[in-house]
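> Provided herewith: structure_27.pdb, PDB, C-alpha atoms.
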```
ATOM      1  CA  MET A  19      28.996 157.453 138.485  1.00  0.00           C
ATOM      2  CA  LEU A  20      30.471 155.370 141.302  1.00  0.00           C
ATOM      3  CA  ILE A  21      27.172 153.488 141.442  1.00  0.00           C
ATOM      4  CA  LEU A  22      27.554 152.450 137.808  1.00  0.00           C
ATOM      5  CA  ILE A  23      31.149 151.205 137.967  1.00  0.00           C
ATOM      6  CA  PRO A  24      30.400 147.774 139.530  1.00  0.00           C
ATOM      7  CA  ALA A  25      27.534 147.229 137.068  1.00  0.00           C
ATOM      8  CA  ILE A  26      29.762 148.170 134.124  1.00  0.00           C
ATOM      9  CA  ILE A  27      32.488 145.795 135.284  1.00  0.00           C
ATOM     10  CA  ILE A  28      30.001 142.935 135.721  1.00  0.00           C
ATOM     11  CA  ALA A  29      28.480 143.620 132.289  1.00  0.00           C
ATOM     12  CA  MET A  30      31.891 143.555 130.627  1.00  0.00           C
ATOM     13  CA  TYR A  31      32.785 140.333 132.427  1.00  0.00           C
ATOM     14  CA  ALA A  32      29.444 138.753 131.460  1.00  0.00           C
ATOM     15  CA  GLN A  33      29.840 139.596 127.784  1.00  0.00           C
ATOM     16  CA  ASN A  34      33.375 138.228 127.728  1.00  0.00           C
ATOM     17  CA  LYS A  35      32.304 135.117 129.632  1.00  0.00           C
ATOM     18  CA  VAL A  36      29.419 134.232 127.344  1.00  0.00           C
ATOM     19  CA  ARG A  37      31.492 134.723 124.196  1.00  0.00           C
ATOM     20  CA  SER A  38      34.509 132.796 125.468  1.00  0.00           C
ATOM     21  CA  THR A  39      32.390 129.920 126.808  1.00  0.00           C
ATOM     22  CA  TYR A  40      30.360 129.756 123.606  1.00  0.00           C
ATOM     23  CA  ALA A  41      33.538 129.831 121.502  1.00  0.00           C
ATOM     24  CA  GLN A  42      35.071 127.061 123.609  1.00  0.00           C
ATOM     25  CA  TYR A  43      32.171 124.621 123.400  1.00  0.00           C
ATOM     26  CA  SER A  44      31.124 125.527 119.877  1.00  0.00           C
ATOM     27  CA  ARG A  45      34.291 123.693 118.886  1.00  0.00           C
ATOM     28  CA  VAL A  46      33.376 120.537 120.816  1.00  0.00           C
ATOM     29  CA  ALA A  47      31.155 118.150 118.841  1.00  0.00           C
ATOM     30  CA  ASN A  48      28.426 116.268 120.682  1.00  0.00           C
ATOM     31  CA  ARG A  49      28.406 112.475 120.476  1.00  0.00           C
ATOM     32  CA  SER A  50      24.837 112.153 119.216  1.00  0.00           C
ATOM     33  CA  GLY A  51      25.733 113.897 115.964  1.00  0.00           C
ATOM     34  CA  MET A  52      22.611 116.048 116.164  1.00  0.00           C
ATOM     35  CA  THR A  53      22.608 119.633 114.940  1.00  0.00           C
ATOM     36  CA  GLY A  54      21.013 122.482 116.837  1.00  0.00           C
ATOM     37  CA  SER A  55      18.017 122.391 114.504  1.00  0.00           C
ATOM     38  CA  ASP A  56      17.724 118.594 114.914  1.00  0.00           C
ATOM     39  CA  ALA A  57      17.630 118.908 118.691  1.00  0.00           C
ATOM     40  CA  ALA A  58      15.146 121.780 118.577  1.00  0.00           C
ATOM     41  CA  ARG A  59      12.817 119.839 116.265  1.00  0.00           C
ATOM     42  CA  LEU A  60      13.000 116.721 118.431  1.00  0.00           C
ATOM     43  CA  ILE A  61      12.194 118.578 121.645  1.00  0.00           C
ATOM     44  CA  LEU A  62       9.421 120.634 120.023  1.00  0.00           C
ATOM     45  CA  ASP A  63       7.758 117.524 118.607  1.00  0.00           C
ATOM     46  CA  ARG A  64       7.914 115.661 121.902  1.00  0.00           C
ATOM     47  CA  ALA A  65       6.249 118.676 123.535  1.00  0.00           C
ATOM     48  CA  GLY A  66       3.508 118.544 120.918  1.00  0.00           C
ATOM     49  CA  LEU A  67       4.642 121.770 119.261  1.00  0.00           C
ATOM     50  CA  TYR A  68       4.609 120.362 115.735  1.00  0.00           C
ATOM     51  CA  GLU A  69       3.393 123.659 114.264  1.00  0.00           C
ATOM     52  CA  VAL A  70       6.376 125.678 115.551  1.00  0.00           C
ATOM     53  CA  PRO A  71       8.932 125.952 112.724  1.00  0.00           C
ATOM     54  CA  VAL A  72      12.679 126.054 113.299  1.00  0.00           C
ATOM     55  CA  GLU A  73      14.224 128.752 111.126  1.00  0.00           C
ATOM     56  CA  GLN A  74      17.756 129.961 110.542  1.00  0.00           C
ATOM     57  CA  VAL A  75      18.446 133.619 111.231  1.00  0.00           C
ATOM     58  CA  ALA A  76      21.503 135.701 110.382  1.00  0.00           C
ATOM     59  CA  GLY A  77      23.947 136.850 113.012  1.00  0.00           C
ATOM     60  CA  ASP A  78      25.913 135.484 115.935  1.00  0.00           C
ATOM     61  CA  LEU A  79      24.069 134.498 119.129  1.00  0.00           C
ATOM     62  CA  THR A  80      20.820 135.869 117.683  1.00  0.00           C
ATOM     63  CA  ASP A  81      18.859 132.792 118.721  1.00  0.00           C
ATOM     64  CA  HIS A  82      15.346 133.452 120.016  1.00  0.00           C
ATOM     65  CA  TYR A  83      11.766 132.255 120.187  1.00  0.00           C
ATOM     66  CA  ASP A  84       9.172 134.710 118.895  1.00  0.00           C
ATOM     67  CA  PRO A  85       5.915 134.232 120.860  1.00  0.00           C
ATOM     68  CA  ARG A  86       4.002 136.478 118.450  1.00  0.00           C
ATOM     69  CA  SER A  87       4.699 134.475 115.297  1.00  0.00           C
ATOM     70  CA  LYS A  88       5.235 131.193 117.172  1.00  0.00           C
ATOM     71  CA  LYS A  89       8.567 130.632 115.438  1.00  0.00           C
ATOM     72  CA  LEU A  90      11.891 129.400 116.791  1.00  0.00           C
ATOM     73  CA  ARG A  91      14.889 131.058 115.169  1.00  0.00           C
ATOM     74  CA  LEU A  92      18.436 129.775 115.508  1.00  0.00           C
ATOM     75  CA  SER A  93      21.578 131.644 114.497  1.00  0.00           C
ATOM     76  CA  GLN A  94      23.837 130.391 111.738  1.00  0.00           C
ATOM     77  CA  GLY A  95      26.338 129.084 114.279  1.00  0.00           C
ATOM     78  CA  VAL A  96      23.679 127.017 116.065  1.00  0.00           C
ATOM     79  CA  TYR A  97      21.223 125.861 113.404  1.00  0.00           C
ATOM     80  CA  SER A  98      23.525 123.478 111.536  1.00  0.00           C
ATOM     81  CA  SER A  99      26.224 123.037 114.186  1.00  0.00           C
ATOM     82  CA  ARG A 100      26.785 119.712 115.944  1.00  0.00           C
ATOM     83  CA  SER A 101      28.533 121.299 118.901  1.00  0.00           C
ATOM     84  CA  ILE A 102      27.587 120.959 122.545  1.00  0.00           C
ATOM     85  CA  ALA A 103      27.049 124.718 122.699  1.00  0.00           C
ATOM     86  CA  ALA A 104      24.596 124.578 119.797  1.00  0.00           C
ATOM     87  CA  LEU A 105      22.476 121.901 121.445  1.00  0.00           C
ATOM     88  CA  GLY A 106      22.412 123.754 124.749  1.00  0.00           C
ATOM     89  CA  ILE A 107      21.313 127.012 123.121  1.00  0.00           C
ATOM     90  CA  ALA A 108      18.740 125.305 120.892  1.00  0.00           C
ATOM     91  CA  ALA A 109      17.214 123.501 123.874  1.00  0.00           C
ATOM     92  CA  HIS A 110      17.105 126.767 125.828  1.00  0.00           C
ATOM     93  CA  GLU A 111      15.128 128.488 123.069  1.00  0.00           C
ATOM     94  CA  VAL A 112      12.729 125.553 122.882  1.00  0.00           C
ATOM     95  CA  GLY A 113      12.302 126.063 126.616  1.00  0.00           C
ATOM     96  CA  HIS A 114      10.777 129.451 125.806  1.00  0.00           C
ATOM     97  CA  ALA A 115       8.409 127.844 123.292  1.00  0.00           C
ATOM     98  CA  ILE A 116       7.248 125.396 125.960  1.00  0.00           C
ATOM     99  CA  GLN A 117       6.815 128.275 128.413  1.00  0.00           C
ATOM    100  CA  ASP A 118       4.557 129.925 125.856  1.00  0.00           C
ATOM    101  CA  GLN A 119       2.617 126.706 125.343  1.00  0.00           C
ATOM    102  CA  GLN A 120       2.081 126.293 129.088  1.00  0.00           C
ATOM    103  CA  GLU A 121       1.328 130.005 129.613  1.00  0.00           C
ATOM    104  CA  TYR A 122       4.187 130.396 132.060  1.00  0.00           C
ATOM    105  CA  LEU A 123       3.189 133.448 134.133  1.00  0.00           C
ATOM    106  CA  PRO A 124       6.521 135.337 134.217  1.00  0.00           C
ATOM    107  CA  MET A 125       6.727 135.023 130.425  1.00  0.00           C
ATOM    108  CA  LYS A 126       3.195 136.417 130.067  1.00  0.00           C
ATOM    109  CA  ILE A 127       4.092 139.324 132.347  1.00  0.00           C
ATOM    110  CA  ARG A 128       7.264 140.018 130.382  1.00  0.00           C
ATOM    111  CA  GLY A 129       5.323 139.962 127.125  1.00  0.00           C
ATOM    112  CA  ALA A 130       2.820 142.475 128.484  1.00  0.00           C
ATOM    113  CA  LEU A 131       5.664 144.749 129.580  1.00  0.00           C
ATOM    114  CA  VAL A 132       7.400 144.851 126.195  1.00  0.00           C
ATOM    115  CA  PRO A 133       5.680 148.017 124.859  1.00  0.00           C
ATOM    116  CA  VAL A 134       6.141 150.127 127.990  1.00  0.00           C
ATOM    117  CA  ALA A 135       9.649 148.759 128.579  1.00  0.00           C
ATOM    118  CA  SER A 136      10.570 149.742 125.041  1.00  0.00           C
ATOM    119  CA  ILE A 137       9.247 153.266 125.568  1.00  0.00           C
ATOM    120  CA  GLY A 138      11.005 153.497 128.914  1.00  0.00           C
ATOM    121  CA  GLY A 139      14.289 152.304 127.481  1.00  0.00           C
ATOM    122  CA  ASN A 140      14.148 154.706 124.552  1.00  0.00           C
ATOM    123  CA  PHE A 141      12.713 157.815 126.184  1.00  0.00           C
ATOM    124  CA  GLY A 142      12.757 157.489 129.989  1.00  0.00           C
ATOM    125  CA  PHE A 143      16.310 158.662 130.522  1.00  0.00           C
ATOM    126  CA  GLY A 144      15.966 161.491 127.993  1.00  0.00           C
ATOM    127  CA  ILE A 145      12.753 162.794 129.533  1.00  0.00           C
ATOM    128  CA  PHE A 146      14.378 162.738 132.951  1.00  0.00           C
ATOM    129  CA  ILE A 147      17.452 164.682 131.771  1.00  0.00           C
ATOM    130  CA  LEU A 148      15.203 167.219 130.030  1.00  0.00           C
ATOM    131  CA  GLY A 149      13.261 167.693 133.246  1.00  0.00           C
ATOM    132  CA  LEU A 150      16.504 168.032 135.166  1.00  0.00           C
ATOM    133  CA  PHE A 151      17.921 170.777 132.950  1.00  0.00           C
ATOM    134  CA  LEU A 152      14.627 172.655 132.662  1.00  0.00           C
ATOM    135  CA  SER A 153      13.862 172.154 136.381  1.00  0.00           C
ATOM    136  CA  ILE A 154      10.499 170.540 135.621  1.00  0.00           C
ATOM    137  CA  PRO A 155       9.838 167.980 138.401  1.00  0.00           C
ATOM    138  CA  VAL A 156       6.961 166.306 136.572  1.00  0.00           C
ATOM    139  CA  PHE A 157       9.261 165.448 133.640  1.00  0.00           C
ATOM    140  CA  GLN A 158      11.747 163.972 136.085  1.00  0.00           C
ATOM    141  CA  THR A 159       9.031 161.823 137.636  1.00  0.00           C
ATOM    142  CA  ILE A 160       7.739 160.651 134.245  1.00  0.00           C
ATOM    143  CA  GLY A 161      11.279 159.740 133.199  1.00  0.00           C
ATOM    144  CA  ILE A 162      11.852 157.747 136.374  1.00  0.00           C
ATOM    145  CA  VAL A 163       8.522 155.920 136.062  1.00  0.00           C
ATOM    146  CA  LEU A 164       9.222 154.982 132.445  1.00  0.00           C
ATOM    147  CA  PHE A 165      12.759 153.862 133.212  1.00  0.00           C
ATOM    148  CA  SER A 166      11.464 151.867 136.197  1.00  0.00           C
ATOM    149  CA  ALA A 167       9.267 149.882 133.798  1.00  0.00           C
ATOM    150  CA  THR A 168      12.381 148.924 131.851  1.00  0.00           C
ATOM    151  CA  VAL A 169      14.131 147.809 135.030  1.00  0.00           C
ATOM    152  CA  PHE A 170      11.087 145.791 136.074  1.00  0.00           C
ATOM    153  CA  PHE A 171      11.117 144.138 132.633  1.00  0.00           C
ATOM    154  CA  GLN A 172      14.762 143.181 133.146  1.00  0.00           C
ATOM    155  CA  LEU A 173      13.963 141.702 136.550  1.00  0.00           C
ATOM    156  CA  VAL A 174      11.027 139.679 135.227  1.00  0.00           C
ATOM    157  CA  THR A 175      13.300 138.411 132.452  1.00  0.00           C
ATOM    158  CA  LEU A 176      15.503 136.633 135.011  1.00  0.00           C
ATOM    159  CA  PRO A 177      13.058 133.878 136.065  1.00  0.00           C
ATOM    160  CA  VAL A 178      12.009 133.463 132.428  1.00  0.00           C
ATOM    161  CA  GLU A 179      15.596 132.820 131.331  1.00  0.00           C
ATOM    162  CA  PHE A 180      16.525 130.689 134.351  1.00  0.00           C
ATOM    163  CA  ASN A 181      13.433 128.533 133.858  1.00  0.00           C
ATOM    164  CA  ALA A 182      14.148 128.075 130.142  1.00  0.00           C
ATOM    165  CA  SER A 183      17.673 126.901 130.969  1.00  0.00           C
ATOM    166  CA  SER A 184      16.334 124.519 133.610  1.00  0.00           C
ATOM    167  CA  ARG A 185      13.908 123.058 131.081  1.00  0.00           C
ATOM    168  CA  ALA A 186      16.724 122.778 128.538  1.00  0.00           C
ATOM    169  CA  MET A 187      18.967 120.796 130.864  1.00  0.00           C
ATOM    170  CA  ALA A 188      16.088 118.501 131.816  1.00  0.00           C
ATOM    171  CA  VAL A 189      15.251 117.570 128.214  1.00  0.00           C
ATOM    172  CA  LEU A 190      18.871 117.267 127.109  1.00  0.00           C
ATOM    173  CA  GLU A 191      19.314 114.681 129.827  1.00  0.00           C
ATOM    174  CA  GLY A 192      15.850 113.121 129.724  1.00  0.00           C
ATOM    175  CA  TYR A 193      15.888 112.552 125.962  1.00  0.00           C
ATOM    176  CA  SER A 194      19.536 111.381 126.052  1.00  0.00           C
ATOM    177  CA  ILE A 195      20.534 114.105 123.606  1.00  0.00           C
ATOM    178  CA  LEU A 196      23.748 114.720 125.546  1.00  0.00           C
ATOM    179  CA  ASP A 197      25.790 112.277 127.612  1.00  0.00           C
ATOM    180  CA  SER A 198      26.338 112.915 131.309  1.00  0.00           C
ATOM    181  CA  ASP A 199      29.791 114.437 130.862  1.00  0.00           C
ATOM    182  CA  GLU A 200      28.486 116.676 128.038  1.00  0.00           C
ATOM    183  CA  LEU A 201      25.665 118.071 130.177  1.00  0.00           C
ATOM    184  CA  GLY A 202      28.081 119.985 132.400  1.00  0.00           C
ATOM    185  CA  LYS A 203      29.564 121.711 129.375  1.00  0.00           C
ATOM    186  CA  ALA A 204      26.144 122.704 128.066  1.00  0.00           C
ATOM    187  CA  ARG A 205      25.277 124.026 131.519  1.00  0.00           C
ATOM    188  CA  GLN A 206      28.378 126.228 131.459  1.00  0.00           C
ATOM    189  CA  VAL A 207      27.190 127.788 128.201  1.00  0.00           C
ATOM    190  CA  LEU A 208      23.712 128.476 129.586  1.00  0.00           C
ATOM    191  CA  ASN A 209      25.056 129.796 132.899  1.00  0.00           C
ATOM    192  CA  ALA A 210      27.323 132.205 131.038  1.00  0.00           C
ATOM    193  CA  ALA A 211      24.350 133.434 129.005  1.00  0.00           C
ATOM    194  CA  ALA A 212      22.297 133.867 132.184  1.00  0.00           C
ATOM    195  CA  LEU A 213      25.033 136.077 133.607  1.00  0.00           C
ATOM    196  CA  THR A 214      24.388 138.633 130.857  1.00  0.00           C
ATOM    197  CA  TYR A 215      20.774 138.987 131.993  1.00  0.00           C
ATOM    198  CA  ILE A 216      21.881 139.400 135.592  1.00  0.00           C
ATOM    199  CA  ALA A 217      24.343 142.077 134.496  1.00  0.00           C
ATOM    200  CA  ALA A 218      21.626 143.897 132.537  1.00  0.00           C
ATOM    201  CA  ALA A 219      19.325 143.903 135.571  1.00  0.00           C
ATOM    202  CA  LEU A 220      22.074 145.193 137.859  1.00  0.00           C
ATOM    203  CA  SER A 221      22.944 147.910 135.350  1.00  0.00           C
ATOM    204  CA  GLY A 222      19.305 148.928 135.167  1.00  0.00           C
ATOM    205  CA  ILE A 223      18.999 149.094 138.953  1.00  0.00           C
ATOM    206  CA  ALA A 224      22.208 151.133 139.188  1.00  0.00           C
ATOM    207  CA  ASN A 225      20.991 153.605 136.569  1.00  0.00           C
ATOM    208  CA  LEU A 226      17.623 153.922 138.289  1.00  0.00           C
ATOM    209  CA  ALA A 227      19.357 154.630 141.601  1.00  0.00           C
ATOM    210  CA  ARG A 228      21.451 157.257 139.832  1.00  0.00           C
ATOM    211  CA  LEU A 229      18.327 159.012 138.526  1.00  0.00           C
ATOM    212  CA  LEU A 230      16.767 159.026 141.974  1.00  0.00           C
ATOM    213  CA  ILE A 231      19.919 160.480 143.525  1.00  0.00           C
ATOM    214  CA  LEU A 232      20.146 163.186 140.868  1.00  0.00           C
ATOM    215  CA  ARG A 233      16.533 164.175 141.422  1.00  0.00           C
ATOM    216  CA  ASN A 234      16.935 164.315 145.191  1.00  0.00           C
ATOM    217  CA  ARG A 235      20.045 166.476 144.862  1.00  0.00           C
ATOM    218  CA  ARG A 236      18.160 169.008 142.747  1.00  0.00           C
ATOM    219  CA  ARG A 237      15.512 169.203 145.415  1.00  0.00           C
TER     220      ARG A 237
END
```
In structure tokens, what does this structure look like?


Amino acid sequence: MLILIPAIIIAMYAQNKVRSTYAQYSRVANRSGMTGSDAARLILDRAGLYEVPVEQVAGDLTDHYDPRSKKLRLSQGVYSSRSIAALGIAAHEVGHAIQDQQEYLPMKIRGALVPVASIGGNFGFGIFILGLFLSIPVFQTIGIVLFSATVFFQLVTLPVEFNASSRAMAVLEGYSILDSDELGKARQVLNAAALTYIAAALSGIANLARLLILRNRRR
């Protein structure tokens, strides 16, 4: 459990940081007057992604790009908001659409890992614990392998998210969507969001280490 404590603390800090930063800059209007959906549409069109629709989705911070349906979905607090936070998040999600368009390798790898990562996340830990209690080494190994796939997925997610944020900042500046002093505020929002992915990866690594230690102790 001592292995997990730092990861838990970082995860809690990351969640608090992203929500507080988003709340802070969701109250600061951008000078261009553009909404999140306006910015997303502009950037998509300039990238030649005219066929990618921008849709509103329910929830808070539920923004995402779906590479399967080729749709960009923005949360209620981003779609029609004229805040700096909204523009930063919208541009980040468009960054994923452009990654898909350009067949960005880490994104393709992450997409291929989704099925096995989902299985690993849902069943890996349980299979390992079952093998531990029943003293069946092969179950322990299967559980660790499945959970490892989930951790690998979390690690591959990092360059995908960092790259999307980098693309977002470049277009927000290059297309003069945000002024120079507004860019730093948008970057704070995206950096806070990136911290949650780092925390998830560290938590995954810590849990994987815990499984390995438990198996070795039983041996």

> For the provided coordinates, the residues matched by the PyMOL selection byres ((chain A and resi 147) around 12) should be stated as a ChimeraX atom specification.

/A:141-146,148-162,165,228-230,232-233,236

> Determine the residue membership of the PyMOL selection byres ((chain A and resi 127-137) around 9) for the file above and supply it as a list in words.

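The output of the PyMOL selection byres ((chain A and resi 127-137) around 9) on this file is Pro85, Tyr122, Leu123, Pro124, Met125, Lys126, Gly138, Gly139, Asn140, Phe141, Gly142, Leu164, Phe165, Ser166, Ala167, Thr168, Val169, Phe170, Phe171, Gln172, Val174, Thr175 and Val178 of chain A.
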
> Would you export the selected residues with C-alpha atoms as a short mmCIF file (atom, residue, chain, number, x, y, z; two decimals), in the coordinates of the input, please?


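Result written to selection_14.cif:
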```cif
data_model
loop_
_atom_site.label_atom_id
_atom_site.label_comp_id
_atom_site.auth_asym_id
_atom_site.auth_seq_id
_atom_site.Cartn_x
_atom_site.Cartn_y
_atom_site.Cartn_z
CA PRO A 85 5.92 134.23 120.86
CA TYR A 122 4.19 130.40 132.06
CA LEU A 123 3.19 133.45 134.13
CA PRO A 124 6.52 135.34 134.22
CA MET A 125 6.73 135.02 130.43
CA LYS A 126 3.20 136.42 130.07
CA GLY A 138 11.00 153.50 128.91
CA GLY A 139 14.29 152.30 127.48
CA ASN A 140 14.15 154.71 124.55
CA PHE A 141 12.71 157.82 126.18
CA GLY A 142 12.76 157.49 129.99
CA LEU A 164 9.22 154.98 132.44
CA PHE A 165 12.76 153.86 133.21
CA SER A 166 11.46 151.87 136.20
CA ALA A 167 9.27 149.88 133.80
CA THR A 168 12.38 148.92 131.85
CA VAL A 169 14.13 147.81 135.03
CA PHE A 170 11.09 145.79 136.07
CA PHE A 171 11.12 144.14 132.63
CA GLN A 172 14.76 143.18 133.15
CA VAL A 174 11.03 139.68 135.23
CA THR A 175 13.30 138.41 132.45
CA VAL A 178 12.01 133.46 132.43
#
```

> Name the residues captured by the PyMOL selection byres ((chain A and resi 207) around 10) when it is applied to the shown file; answer as number ranges by chain.

A: 35-44, 102-104, 106-107, 183, 202-206, 208-212

> Which residues, written as a ChimeraX atom specification, have at least one atom at most 12 Å from Ala108 (chain A), with all atoms listed in the file counted and residues fewer than 3 positions away on the same chain left out?

/A:52-62,72-74,79-83,90-105,111-115,182-183,185-187,189-190,195,204,207-208

> Using all atoms listed in the file, pick whichever of A:Ala47, A:Ile231, A:Ala76, A:Ala25 has the shortest atom-to-atom distance to Asp197 (chain A).

A:Ala47

> How many Å lie between CA of Ile116 (chain A) and CA of Gly192 (chain A), rounded to one decimal?

15.5 Å

> Give me, please, the distance in Å between CA of Ser184 (chain A) and CA of Asp199 (chain A), quoted to one decimal.

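Calculated distance between CA of Ser184 (chain A) and CA of Asp199 (chain A) is 17.0 Å.
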
> In Å to one decimal, how far is CA of Tyr193 (chain A) from CA of Gln119 (chain A)?

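Taking CA of Gln119 (chain A) and CA of Tyr193 (chain A), their separation equals 19.4 Å.
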
> Return the single residue from A:Ala218, A:Asp84, A:Ala188, A:Glu200 that is closest to Leu173 (chain A), with distances computed using all atoms listed in the file.

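Using all atoms listed in the file, the shortest distance to Leu173 (chain A) belongs to A:Ala218.
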
> My list of candidates is A:Leu22, A:Asn48, A:Asp78, A:Leu67. Which is closest to Ser198 (chain A) when distances are computed with only C-alpha atoms?

A:Asn48

> Taking all atoms listed in the file into account, name the residue in A:Pro24, A:Leu176, A:Asn181, A:Leu196 that is nearest to His110 (chain A).

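That would be A:Asn181, the residue with the smallest distance to His110 (chain A).
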